[in-house]
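S.K.: Provided herewith: target19.tsv, TSV, C-alpha atoms and all ligand atoms.
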```
chain	number	residue	atom	x	y	z
A	13	MET	CA	258.09	81.18	22.31
A	14	GLN	CA	257.91	82.08	18.62
A	15	PRO	CA	256.14	85.34	17.79
A	16	LEU	CA	252.90	84.78	15.89
A	17	ASP	CA	252.80	86.38	12.47
A	18	THR	CA	249.12	87.15	11.90
A	19	ASN	CA	249.48	87.07	8.10
A	20	LYS	CA	250.65	83.48	8.09
A	21	LYS	CA	248.13	80.74	7.48
A	22	LYS	CA	247.82	78.27	10.30
A	23	ILE	CA	247.94	74.53	9.64
A	24	SER	CA	246.66	72.09	12.27
A	25	ILE	CA	247.67	68.45	12.37
A	26	LEU	CA	245.17	66.28	14.19
A	27	VAL	CA	246.47	63.04	15.67
A	28	PRO	CA	244.07	60.77	17.57
A	29	CYS	CA	246.08	58.65	20.00
A	30	TYR	CA	245.20	55.47	21.83
A	31	ASN	CA	248.08	53.70	23.57
A	32	GLU	CA	250.70	55.28	21.33
A	33	GLU	CA	253.57	55.72	23.84
A	34	LYS	CA	255.92	53.89	21.47
A	35	SER	CA	254.87	55.71	18.28
A	36	LEU	CA	254.79	59.33	19.49
A	37	PRO	CA	258.55	59.67	20.12
A	38	LEU	CA	259.07	58.53	16.51
A	39	LEU	CA	256.28	60.68	15.06
A	40	TYR	CA	257.27	63.97	16.67
A	41	PRO	CA	260.76	64.35	15.07
A	42	GLU	CA	259.21	63.78	11.63
A	43	LEU	CA	256.55	66.41	12.24
A	44	LYS	CA	259.07	68.81	13.74
A	45	ASN	CA	261.21	68.46	10.62
A	46	LEU	CA	258.22	69.23	8.46
A	47	MET	CA	257.14	72.24	10.52
A	48	ASP	CA	260.66	73.68	10.47
A	49	LYS	CA	260.94	73.18	6.71
A	50	GLU	CA	257.54	74.70	5.93
A	51	SER	CA	258.12	77.76	8.06
A	52	SER	CA	255.94	80.01	5.89
A	53	TYR	CA	253.01	78.60	7.85
A	54	ASP	CA	252.10	78.62	11.53
A	55	TRP	CA	251.67	75.13	12.86
A	56	GLU	CA	249.65	73.40	15.52
A	57	ILE	CA	249.72	69.70	16.32
A	58	LEU	CA	246.65	68.63	18.25
A	59	PHE	CA	246.89	65.27	19.95
A	60	VAL	CA	243.59	63.82	21.10
A	61	ASN	CA	244.37	61.34	23.86
A	62	ASP	CA	241.54	58.86	23.56
A	63	GLY	CA	241.68	57.40	27.08
A	64	SER	CA	245.05	55.70	26.60
A	65	LYS	CA	245.99	53.19	29.28
A	66	ASP	CA	249.74	53.69	28.87
A	67	ASN	CA	251.95	56.78	29.19
A	68	THR	CA	250.69	58.53	26.04
A	69	LEU	CA	249.41	61.58	27.94
A	70	GLN	CA	252.66	62.00	29.90
A	71	ILE	CA	254.65	61.80	26.67
A	72	ILE	CA	252.44	64.39	25.00
A	73	LYS	CA	252.84	66.71	27.99
A	74	ALA	CA	256.61	66.27	27.97
A	75	LEU	CA	256.76	67.06	24.23
A	76	ARG	CA	254.54	70.11	24.74
A	77	ALA	CA	256.84	71.42	27.45
A	78	ALA	CA	259.59	71.62	24.83
A	79	ASP	CA	257.50	72.80	21.87
A	80	ASP	CA	254.42	74.96	22.40
A	81	ARG	CA	253.12	74.28	18.87
A	82	LEU	CA	251.89	71.01	20.38
A	83	CYS	CA	248.42	71.03	21.94
A	84	TYR	CA	246.32	68.27	23.37
A	85	VAL	CA	242.80	67.33	24.36
A	86	ASN	CA	242.41	64.57	26.90
A	87	LEU	CA	239.18	62.57	26.71
A	88	SER	CA	237.68	61.23	29.92
A	89	ARG	CA	237.87	57.63	28.65
A	90	ASN	CA	238.34	55.68	25.41
A	91	PHE	CA	235.59	56.80	23.02
A	92	GLY	CA	237.02	55.26	19.83
A	93	LYS	CA	238.83	56.88	16.92
A	94	GLU	CA	235.68	58.21	15.24
A	95	ASN	CA	234.66	60.20	18.34
A	96	ALA	CA	238.24	61.22	19.06
A	97	MET	CA	238.35	62.79	15.60
A	98	LEU	CA	235.18	64.78	16.31
A	99	ALA	CA	236.85	66.09	19.48
A	100	GLY	CA	239.73	67.12	17.24
A	101	PHE	CA	237.41	68.96	14.82
A	102	ASP	CA	236.02	70.91	17.78
A	103	TYR	CA	239.41	71.93	19.15
A	104	VAL	CA	241.65	72.58	16.12
A	105	THR	CA	242.25	76.25	15.42
A	106	GLY	CA	243.97	76.19	12.02
A	107	ASP	CA	242.83	77.47	8.62
A	108	CYS	CA	243.03	73.87	7.53
A	109	MET	CA	243.55	70.56	9.27
A	110	ILE	CA	245.46	67.41	8.38
A	111	ILE	CA	244.26	64.22	10.03
A	112	MET	CA	246.85	61.52	10.50
A	113	ASP	CA	247.45	58.38	12.55
A	114	ALA	CA	250.07	58.36	15.27
A	115	ASP	CA	251.77	55.24	13.95
A	116	LEU	CA	253.46	56.82	10.89
A	117	GLN	CA	251.38	54.72	8.51
A	118	ASP	CA	250.37	58.05	7.03
A	119	PRO	CA	253.66	59.52	5.78
A	120	PRO	CA	254.20	63.19	6.77
A	121	SER	CA	256.21	63.57	3.54
A	122	LEU	CA	252.89	63.82	1.68
A	123	ILE	CA	251.81	66.92	3.57
A	124	PRO	CA	253.67	69.52	1.40
A	125	GLU	CA	251.87	68.14	-1.67
A	126	MET	CA	248.53	68.36	0.17
A	127	LEU	CA	249.28	71.96	1.07
A	128	LYS	CA	250.12	72.76	-2.55
A	129	TYR	CA	246.69	71.55	-3.70
A	130	TRP	CA	245.02	73.38	-0.81
A	131	GLU	CA	246.71	76.60	-1.96
A	132	GLU	CA	245.29	75.90	-5.43
A	133	GLY	CA	241.81	75.99	-3.93
A	134	TYR	CA	240.94	72.35	-3.21
A	135	LYS	CA	239.01	71.95	0.04
A	136	ASP	CA	239.55	68.24	0.73
A	137	VAL	CA	242.85	66.68	-0.37
A	138	TYR	CA	242.68	62.99	0.48
A	139	ALA	CA	245.34	60.31	0.27
A	140	LYS	CA	244.30	57.13	-1.47
A	141	ARG	CA	246.15	53.90	-0.75
A	142	ALA	CA	247.77	52.38	-3.84
A	143	ASN	CA	247.58	48.96	-2.18
A	144	ARG	CA	245.91	47.55	0.89
A	145	GLY	CA	249.16	46.15	2.32
A	146	LYS	CA	249.36	42.85	4.15
A	147	GLU	CA	245.70	41.89	4.15
A	148	SER	CA	244.16	38.51	3.52
A	149	TRP	CA	242.29	37.73	0.30
A	150	PHE	CA	239.05	37.40	2.27
A	151	ARG	CA	239.47	40.79	3.95
A	152	LYS	CA	240.19	42.49	0.61
A	153	LYS	CA	237.10	40.91	-0.99
A	154	MET	CA	234.90	41.87	1.99
A	155	SER	CA	236.13	45.43	1.86
A	156	LEU	CA	235.40	45.61	-1.90
A	157	LEU	CA	231.88	44.28	-1.32
A	158	PHE	CA	231.32	46.83	1.42
A	159	TYR	CA	232.33	49.74	-0.83
A	160	GLN	CA	230.12	48.46	-3.65
A	161	ILE	CA	227.05	48.19	-1.40
A	162	LEU	CA	227.63	51.67	-0.04
A	163	ASP	CA	228.37	53.21	-3.41
A	164	HIS	CA	225.29	51.76	-5.10
A	165	SER	CA	222.89	52.72	-2.34
A	166	THR	CA	223.87	56.32	-1.58
A	167	ARG	CA	223.46	59.50	-3.58
A	168	PHE	CA	227.04	60.65	-3.11
A	169	ASP	CA	230.32	59.16	-4.39
A	170	VAL	CA	231.93	56.77	-1.94
A	171	LEU	CA	235.72	56.77	-2.13
A	172	GLN	CA	237.37	53.39	-2.10
A	173	ASN	CA	240.64	52.63	-0.26
A	174	VAL	CA	240.67	56.11	1.22
A	175	GLY	CA	241.27	56.39	4.94
A	176	ASP	CA	241.16	59.33	7.29
A	177	PHE	CA	244.53	60.72	6.15
A	178	ARG	CA	243.59	63.99	4.44
A	179	LEU	CA	243.71	67.77	4.49
A	180	LEU	CA	240.46	69.61	5.14
A	181	ASP	CA	239.82	73.30	4.72
A	182	ARG	CA	238.22	75.30	7.56
A	183	GLN	CA	234.94	75.25	5.59
A	184	CYS	CA	234.91	71.42	5.73
A	185	ILE	CA	235.85	71.44	9.43
A	186	GLU	CA	232.89	73.71	10.23
A	187	ALA	CA	230.60	71.47	8.16
A	188	LEU	CA	231.82	68.34	9.94
A	189	LYS	CA	231.30	69.94	13.36
A	190	HIS	CA	227.59	70.06	12.59
A	191	LEU	CA	227.40	66.32	11.95
A	192	ARG	CA	227.20	65.12	15.52
A	193	GLU	CA	225.56	61.74	15.16
A	194	SER	CA	226.60	59.38	17.92
A	195	GLU	CA	227.05	56.33	15.68
A	196	ARG	CA	229.81	57.72	13.54
A	197	TYR	CA	231.32	56.62	10.27
A	198	THR	CA	233.58	59.57	9.53
A	199	LYS	CA	234.92	58.28	6.19
A	200	GLY	CA	231.34	58.46	4.90
A	201	LEU	CA	230.84	61.92	6.39
A	202	PHE	CA	233.85	63.25	4.45
A	203	CYS	CA	232.12	62.11	1.24
A	204	TRP	CA	228.71	63.36	2.38
A	205	ILE	CA	229.83	66.96	2.93
A	206	GLY	CA	231.05	67.30	-0.66
A	207	PHE	CA	233.39	70.28	-1.47
A	208	GLU	CA	236.16	70.27	-4.08
A	209	LYS	CA	238.16	67.09	-3.61
A	210	LYS	CA	241.63	66.14	-4.85
A	211	GLU	CA	243.23	62.73	-4.77
A	212	ILE	CA	246.84	61.84	-3.98
A	213	ILE	CA	248.02	58.24	-4.31
A	214	PHE	CA	250.43	56.81	-1.72
A	215	ASP	CA	251.82	53.53	-0.44
A	216	ARG	CA	250.69	52.78	3.07
A	217	GLY	CA	253.40	51.15	5.15
A	218	ASP	CA	253.10	49.14	8.34
A	219	ARG	CA	252.93	50.48	11.88
A	220	VAL	CA	256.25	51.74	13.28
A	221	ALA	CA	255.43	50.45	16.76
A	222	GLY	CA	252.64	48.88	18.79
A	223	ASP	CA	249.70	46.89	17.43
A	224	SER	CA	246.72	47.89	15.34
A	225	ASN	CA	243.61	48.48	17.45
A	226	TRP	CA	241.41	46.88	14.81
A	227	ASN	CA	240.58	43.23	14.47
A	228	PHE	CA	238.24	41.51	12.05
A	229	TRP	CA	235.18	42.05	14.24
A	230	SER	CA	235.78	45.73	14.85
A	231	LEU	CA	236.18	46.22	11.07
A	232	PHE	CA	233.04	44.18	10.46
A	233	ASN	CA	231.18	46.39	12.95
A	234	LEU	CA	232.55	49.53	11.27
A	235	ALA	CA	231.28	48.22	7.92
A	236	ILE	CA	227.78	47.61	9.36
A	237	GLU	CA	227.99	51.09	10.89
A	238	GLY	CA	228.92	52.56	7.52
A	239	ILE	CA	226.06	50.88	5.71
A	240	CYS	CA	223.36	51.43	8.33
A	241	SER	CA	224.20	55.05	9.02
A	242	PHE	CA	224.20	56.08	5.36
A	243	THR	CA	221.52	54.05	3.65
A	244	THR	CA	218.25	52.26	4.32
A	245	ALA	CA	218.92	49.90	1.39
A	246	PRO	CA	219.05	46.81	3.68
A	247	LEU	CA	215.45	47.55	4.74
A	248	ARG	CA	214.43	47.62	1.10
A	249	PHE	CA	216.38	44.42	0.57
A	250	ALA	CA	214.33	42.83	3.40
A	251	THR	CA	211.10	43.93	1.72
A	252	LEU	CA	212.31	42.49	-1.58
A	253	ILE	CA	213.27	39.14	-0.05
A	254	GLY	CA	209.89	39.06	1.70
A	255	ALA	CA	208.07	39.71	-1.58
A	256	ILE	CA	210.05	37.08	-3.48
A	257	THR	CA	209.51	34.37	-0.85
A	258	ALA	CA	205.82	35.23	-0.54
A	259	PHE	CA	205.46	34.88	-4.30
A	260	GLY	CA	207.36	31.57	-4.26
A	261	ALA	CA	205.19	30.30	-1.42
A	262	PHE	CA	202.05	31.24	-3.35
A	263	CYS	CA	203.20	29.28	-6.45
A	264	PHE	CA	204.02	26.36	-4.19
A	265	LEU	CA	200.53	26.55	-2.70
A	266	LEU	CA	198.85	26.51	-6.12
A	267	PHE	CA	200.97	23.54	-7.13
A	268	TYR	CA	200.04	21.51	-4.04
A	269	ILE	CA	196.32	22.39	-4.20
A	270	GLY	CA	196.28	21.22	-7.83
A	271	LYS	CA	198.21	18.09	-6.97
A	272	THR	CA	195.84	17.23	-4.10
A	273	LEU	CA	192.75	17.79	-6.27
A	274	ILE	CA	194.06	15.55	-9.07
A	275	PHE	CA	195.97	12.82	-7.21
A	276	GLY	CA	194.31	12.84	-3.77
A	277	ASP	CA	196.10	13.55	-0.48
A	278	PRO	CA	198.21	10.79	0.99
A	279	VAL	CA	200.11	12.11	4.08
A	280	GLN	CA	203.61	12.80	2.81
A	281	GLY	CA	206.14	15.51	2.46
A	282	PHE	CA	207.62	16.01	5.92
A	283	THR	CA	211.00	16.90	4.39
A	284	SER	CA	209.66	19.61	2.09
A	285	LEU	CA	207.50	21.00	4.93
A	286	ILE	CA	210.32	21.26	7.42
A	287	SER	CA	212.69	22.81	4.89
A	288	VAL	CA	210.16	25.47	3.92
A	289	ILE	CA	209.48	26.28	7.60
A	290	LEU	CA	213.17	26.55	8.42
A	291	PHE	CA	213.89	28.61	5.30
A	292	LEU	CA	211.13	31.09	6.09
A	293	GLY	CA	212.15	31.19	9.76
A	294	GLY	CA	215.71	32.07	8.71
A	295	ILE	CA	214.57	34.84	6.39
A	296	GLN	CA	212.32	36.28	9.08
A	297	LEU	CA	215.17	36.33	11.59
A	298	ILE	CA	217.48	38.08	9.12
A	299	CYS	CA	214.84	40.71	8.43
A	300	ILE	CA	214.19	41.24	12.15
A	301	GLY	CA	217.95	41.61	12.61
A	302	ILE	CA	218.10	44.27	9.89
A	303	LEU	CA	215.19	46.13	11.50
A	304	GLY	CA	216.95	45.82	14.83
A	305	GLU	CA	220.10	47.50	13.45
A	306	TYR	CA	218.08	50.58	12.57
A	307	ILE	CA	216.02	50.58	15.78
A	308	GLY	CA	219.26	50.35	17.77
A	309	ARG	CA	220.53	53.45	15.96
A	310	ILE	CA	217.30	55.34	16.65
A	311	PHE	CA	217.67	54.33	20.32
A	312	HIS	CA	221.22	55.69	20.54
A	313	GLU	CA	220.48	58.89	18.62
A	314	THR	CA	217.38	59.79	20.64
A	315	LYS	CA	219.34	59.79	23.90
A	316	LYS	CA	221.29	62.77	22.53
A	317	ARG	CA	224.33	62.09	24.67
A	318	PRO	CA	227.48	64.03	23.78
A	319	THR	CA	229.69	61.90	21.54
A	320	TYR	CA	232.73	62.37	23.76
A	321	LEU	CA	233.71	64.08	27.02
A	322	ALA	CA	236.93	66.04	27.23
A	323	SER	CA	238.54	66.44	30.63
A	324	GLU	CA	241.55	68.58	29.79
A	325	TYR	CA	242.65	70.97	27.02
A	326	ASN	CA	246.25	72.16	27.26
A	327	GLU	CA	246.50	71.85	31.07
A	328	ASP	CA	243.09	73.52	31.58
A	329	LYS	CA	240.15	71.61	32.94
A	330	VAL	CA	237.26	71.46	30.49
A	331	PHE	CA	233.84	72.30	31.92
A	332	GLN	CA	231.91	73.12	28.80
A	333	ILE	CA	230.56	70.06	26.99
A	334	LYS	CA	230.59	70.46	23.20
A	401	LIG	N1	242.84	55.30	17.81
A	401	LIG	C1	242.11	56.08	18.71
A	401	LIG	N2	241.16	55.47	19.49
A	401	LIG	C2	240.90	54.13	19.41
A	401	LIG	C3	241.63	53.37	18.48
A	401	LIG	C4	242.60	53.99	17.70
A	401	LIG	O1	242.30	57.29	18.80
A	401	LIG	O2	240.03	53.65	20.15
A	401	LIG	C5	243.89	55.94	16.99
A	401	LIG	C6	245.25	55.27	17.06
A	401	LIG	O3	246.01	55.75	18.14
A	401	LIG	C7	245.88	55.66	15.72
A	401	LIG	C8	244.66	55.73	14.80
A	401	LIG	O4	243.51	55.85	15.63
A	401	LIG	O5	246.49	56.92	15.76
A	401	LIG	C9	244.54	54.51	13.92
A	401	LIG	O6	244.54	53.35	14.69
A	401	LIG	P1	245.24	51.99	14.24
A	401	LIG	O7	246.63	52.28	13.79
A	401	LIG	O8	245.06	51.02	15.34
A	401	LIG	O9	244.32	51.62	13.00
A	401	LIG	P2	244.79	51.07	11.56
A	401	LIG	O10	245.92	51.93	11.10
A	401	LIG	O11	245.17	49.68	11.78
A	401	LIG	O12	243.55	51.26	10.72
A	402	MG	MG	247.54	52.38	11.98
```
Let me see the file written as structure tokens.

M.R.:
Amino acid sequence: MQPLDTNKKKISILVPCYNEEKSLPLLYPELKNLMDKESSYDWEILFVNDGSKDNTLQIIKALRAADDRLCYVNLSRNFGKENAMLAGFDYVTGDCMIIMDADLQDPPSLIPEMLKYWEEGYKDVYAKRANRGKESWFRKKMSLLFYQILDHSTRFDVLQNVGDFRLLDRQCIEALKHLRESERYTKGLFCWIGFEKKEIIFDRGDRVAGDSNWNFWSLFNLAIEGICSFTTAPLRFATLIGAITAFGAFCFLLFYIGKTLIFGDPVQGFTSLISVILFLGGIQLICIGILGEYIGRIFHETKKRPTYLASEYNEDKVFQIK
């Protein structure tokens, strides 16, 4: 065991892991290299095992047996990356924390640069992707639209093409620990808390092993999550659509009353009638859906359930629910 030098600053690396048995053996040597090179700091790597169904936990335990800078929190089931990160915020002990994926898509080689900016006083050093990699045209356009909606409807700056790979000062970690909403969109929370931010540009590669846990629908759901948990603009949009259609319907009404008074009223117009009914029905359903999104969130928040349950922290059973 290495003696702890109390004057050294401690850096925590937070790695949420879900079915990463193939990635971890590749990730650890890279991190070990880094920790050995940057020996003026104390290091902690905190793996949050998010209910993996493969041997991720066994691999983490085996790595920890050989290197006690490695720590882990085991969640009682799969809670999703957003909640796994909150568990990480609760359990990291460093003066700052670097969040990275287990699949080496976030290059550890960027960490020394992050630390340099942190030493200069920046509180949130985030890595921005220079490109979005192998994504379809449609997915890129959808993601751009999502950022534009969010940016125009919130009071804080929304960062585009920025993931969770970043360094956060202890001040930011403490701030984030207070944001315990159950429907989480952490990328938005990083922007919401503010603090001095610094950008680093990097090229995001592909996964070293295993498959991405995201498909189109889970990304679509995350986008809805992002919009509905940060802005009530869609509700205003519903009101606006309602007002516009009501105004249109009123003009329509005046037109038909006039027409009937001047030309009489032969029974006609099934097509226009049915299209107006269907159009209005569609708009009403969309607006009810938007309302439903918000009511669903109120429903989940009012239950006040913990956002995750940890069962084990470094071989110890966890009894206290955070
Ligand atoms: N992850 C997690 N819980 C989940 C899904 C993913 O902790 O339910 C972790 C995963 O192990 C990885 C990170 O979140 O370390 C990013 O996941 P992935 O690589 O699938 O996402 P992508 O890089 O495609 O955005
Ligand atoms: Mg990944």

S.K.: Which polymer residues have any atom within 12 Å of an atom of Ala187 (chain A), counting only C-alpha atoms, with same-chain residues fewer than 3 positions away left out, as a PDB file with C-alpha atoms, keeping the file's coordinate frame?

M.R.:
```pdb
ATOM      1  CA  LEU A  98     235.180  64.780  16.310  1.00  0.00           C
ATOM      2  CA  PHE A 101     237.410  68.960  14.820  1.00  0.00           C
ATOM      3  CA  ASP A 102     236.020  70.910  17.780  1.00  0.00           C
ATOM      4  CA  LYS A 135     239.010  71.950   0.040  1.00  0.00           C
ATOM      5  CA  LEU A 180     240.460  69.610   5.140  1.00  0.00           C
ATOM      6  CA  ASP A 181     239.820  73.300   4.720  1.00  0.00           C
ATOM      7  CA  ARG A 182     238.220  75.300   7.560  1.00  0.00           C
ATOM      8  CA  GLN A 183     234.940  75.250   5.590  1.00  0.00           C
ATOM      9  CA  CYS A 184     234.910  71.420   5.730  1.00  0.00           C
ATOM     10  CA  HIS A 190     227.590  70.060  12.590  1.00  0.00           C
ATOM     11  CA  LEU A 191     227.400  66.320  11.950  1.00  0.00           C
ATOM     12  CA  ARG A 192     227.200  65.120  15.520  1.00  0.00           C
ATOM     13  CA  LEU A 201     230.840  61.920   6.390  1.00  0.00           C
ATOM     14  CA  PHE A 202     233.850  63.250   4.450  1.00  0.00           C
ATOM     15  CA  CYS A 203     232.120  62.110   1.240  1.00  0.00           C
ATOM     16  CA  TRP A 204     228.710  63.360   2.380  1.00  0.00           C
ATOM     17  CA  ILE A 205     229.830  66.960   2.930  1.00  0.00           C
ATOM     18  CA  GLY A 206     231.050  67.300  -0.660  1.00  0.00           C
ATOM     19  CA  PHE A 207     233.390  70.280  -1.470  1.00  0.00           C
TER      20      PHE A 207
END
```

S.K.: Would you write out, as a Markdown table, a table of all residues in chain A that have an atom no more than 8 Å from an atom of ligand LIG 401 (chain A), listing for each the closest atom pair and the distance in Å to one decimal, considering only C-alpha atoms and all ligand atoms and ordering rows by chain and rising residue number?

M.R.:
```
| residue | atom | partner | partner_atom | distance |
| --- | --- | --- | --- | --- |
| A:Val27 | CA | A:LIG401 | O5 | 6.1 |
| A:Pro28 | CA | A:LIG401 | O1 | 4.1 |
| A:Cys29 | CA | A:LIG401 | O3 | 3.4 |
| A:Tyr30 | CA | A:LIG401 | O3 | 3.8 |
| A:Asn31 | CA | A:LIG401 | O3 | 6.2 |
| A:Glu32 | CA | A:LIG401 | O3 | 5.7 |
| A:Val60 | CA | A:LIG401 | O1 | 7.0 |
| A:Asn61 | CA | A:LIG401 | O1 | 6.8 |
| A:Asp62 | CA | A:LIG401 | O1 | 5.1 |
| A:Gly63 | CA | A:LIG401 | N2 | 7.8 |
| A:Asn90 | CA | A:LIG401 | O2 | 5.9 |
| A:Phe91 | CA | A:LIG401 | O2 | 6.2 |
| A:Gly92 | CA | A:LIG401 | O2 | 3.4 |
| A:Lys93 | CA | A:LIG401 | N2 | 3.7 |
| A:Glu94 | CA | A:LIG401 | N2 | 7.5 |
| A:Ala96 | CA | A:LIG401 | O1 | 5.7 |
| A:Met97 | CA | A:LIG401 | O1 | 7.5 |
| A:Met112 | CA | A:LIG401 | O5 | 7.0 |
| A:Asp113 | CA | A:LIG401 | O5 | 3.7 |
| A:Ala114 | CA | A:LIG401 | O5 | 3.9 |
| A:Asp115 | CA | A:LIG401 | O5 | 5.8 |
| A:Gln117 | CA | A:LIG401 | O10 | 6.7 |
| A:Arg219 | CA | A:LIG401 | O7 | 6.8 |
| A:Asp223 | CA | A:LIG401 | O8 | 6.6 |
| A:Ser224 | CA | A:LIG401 | O8 | 3.5 |
| A:Asn225 | CA | A:LIG401 | O8 | 3.6 |
| A:Trp226 | CA | A:LIG401 | O8 | 5.5 |
```

S.K.: Which one is closest to ligand MG 402 (chain A): A:Leu171, A:Val220, A:Ile253, A:Leu297? Count only C-alpha atoms and all ligand atoms.

M.R.: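 Smallest separation from ligand MG 402 (chain A) among the options: A:Val220.
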
S.K.: Measuring between only C-alpha atoms, which one of A:Asn67, A:Gly200, A:Ala78, A:Asp107 shows the shortest distance to Lys21 (chain A)?

M.R.: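 Using only C-alpha atoms, the shortest distance to Lys21 (chain A) belongs to A:Asp107.
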
S.K.: Could you work out how far CA of Pro41 (chain A) lies from CA of Asp118 (chain A), giving the answer in Å with one decimal?

M.R.: 14.6 Å

S.K.: When distances are computed from all atoms listed in the file, which of A:Ser241, A:Asn326, A:Ser52, A:Asn45 shows the smallest separation from Ser165 (chain A)?

M.R.: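 Answer, going by the shortest atom-to-atom distance: A:Ser241.
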
S.K.: Can you list, as a list in words, every protein, DNA or RNA residue that comes within 12 Å of region 261-265 of chain A when you count only C-alpha atoms, leaving out same-chain residues fewer than 2 positions away?

M.R.: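 The filter keeps Gly254, Ala255, Ile256, Thr257, Ala258, Phe259, Phe267, Tyr268, Ile269, Gly270, Lys271, Thr272, Ser284, Leu285, Val288, Ile289, Phe291 and Leu292 of chain A.
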
S.K.: If we count only C-alpha atoms, what is near Ser51 (chain A) at a cut-off of 12 Å, once residues fewer than 2 positions away on the same chain are taken out, given as JSON, numbers by chain?

M.R.: {"A": [14, 16, 17, 20, 21, 22, 23, 44, 45, 46, 47, 48, 49, 53, 54, 55, 124]}

S.K.: State, in Å with one decimal place, the distance from CA of Ile72 (chain A) to CA of Asn86 (chain A).

M.R.: 10.2 Å

S.K.: When you draw a straight line from CA of Ile123 (chain A) to CA of Glu211 (chain A), how long is it in Å?

M.R.: 12.7 Å

S.K.: Identify, on the basis of all atoms listed in the file, every residue whose closest approach to Cys299 (chain A) does not exceed 9 Å; exclude the query and any residue fewer than 4 positions from it along the same chain; express the result as JSON, numbers by chain.

M.R.: {"A": [246, 247, 249, 250, 251, 253, 254, 294, 295, 303, 304]}

S.K.: I need the residue nearest ligand MG 402 (chain A) from this list: A:Leu116, A:Met154, A:Leu321, A:Cys240. Use only C-alpha atoms and all ligand atoms for the distance.

M.R.: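 Answer, going by the shortest atom-to-atom distance: A:Leu116.
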
S.K.: Nearest to Leu156 (chain A) among A:Leu290, A:Ala322, A:Ala235, A:Met109, with distances taken over only C-alpha atoms: which residue is it?

M.R.: A:Ala235

S.K.: Pick the closest to ligand MG 402 (chain A) from A:Gly217, A:Gly301, A:Gly106, A:Gly276: which is it, counting only C-alpha atoms and all ligand atoms?

M.R.: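 Closest residue, counting only C-alpha atoms and all ligand atoms: A:Gly217.
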
S.K.: If we count all atoms listed in the file and set the cut-off at 7 Å, which residues sit around Val137 (chain A), ignoring sequence neighbours fewer than 4 positions away in its own chain? Please answer as a compact mmCIF listing (two decimals) with C-alpha atoms, keeping the file's coordinate frame.

M.R.:
```txt
# COMPACT_ATOMS: atom_id res chain seq x y z
CA MET A 126 248.53 68.36 0.17
CA ARG A 178 243.59 63.99 4.44
CA LEU A 179 243.71 67.77 4.49
CA LEU A 180 240.46 69.61 5.14
CA LYS A 209 238.16 67.09 -3.61
CA LYS A 210 241.63 66.14 -4.85
CA GLU A 211 243.23 62.73 -4.77
```
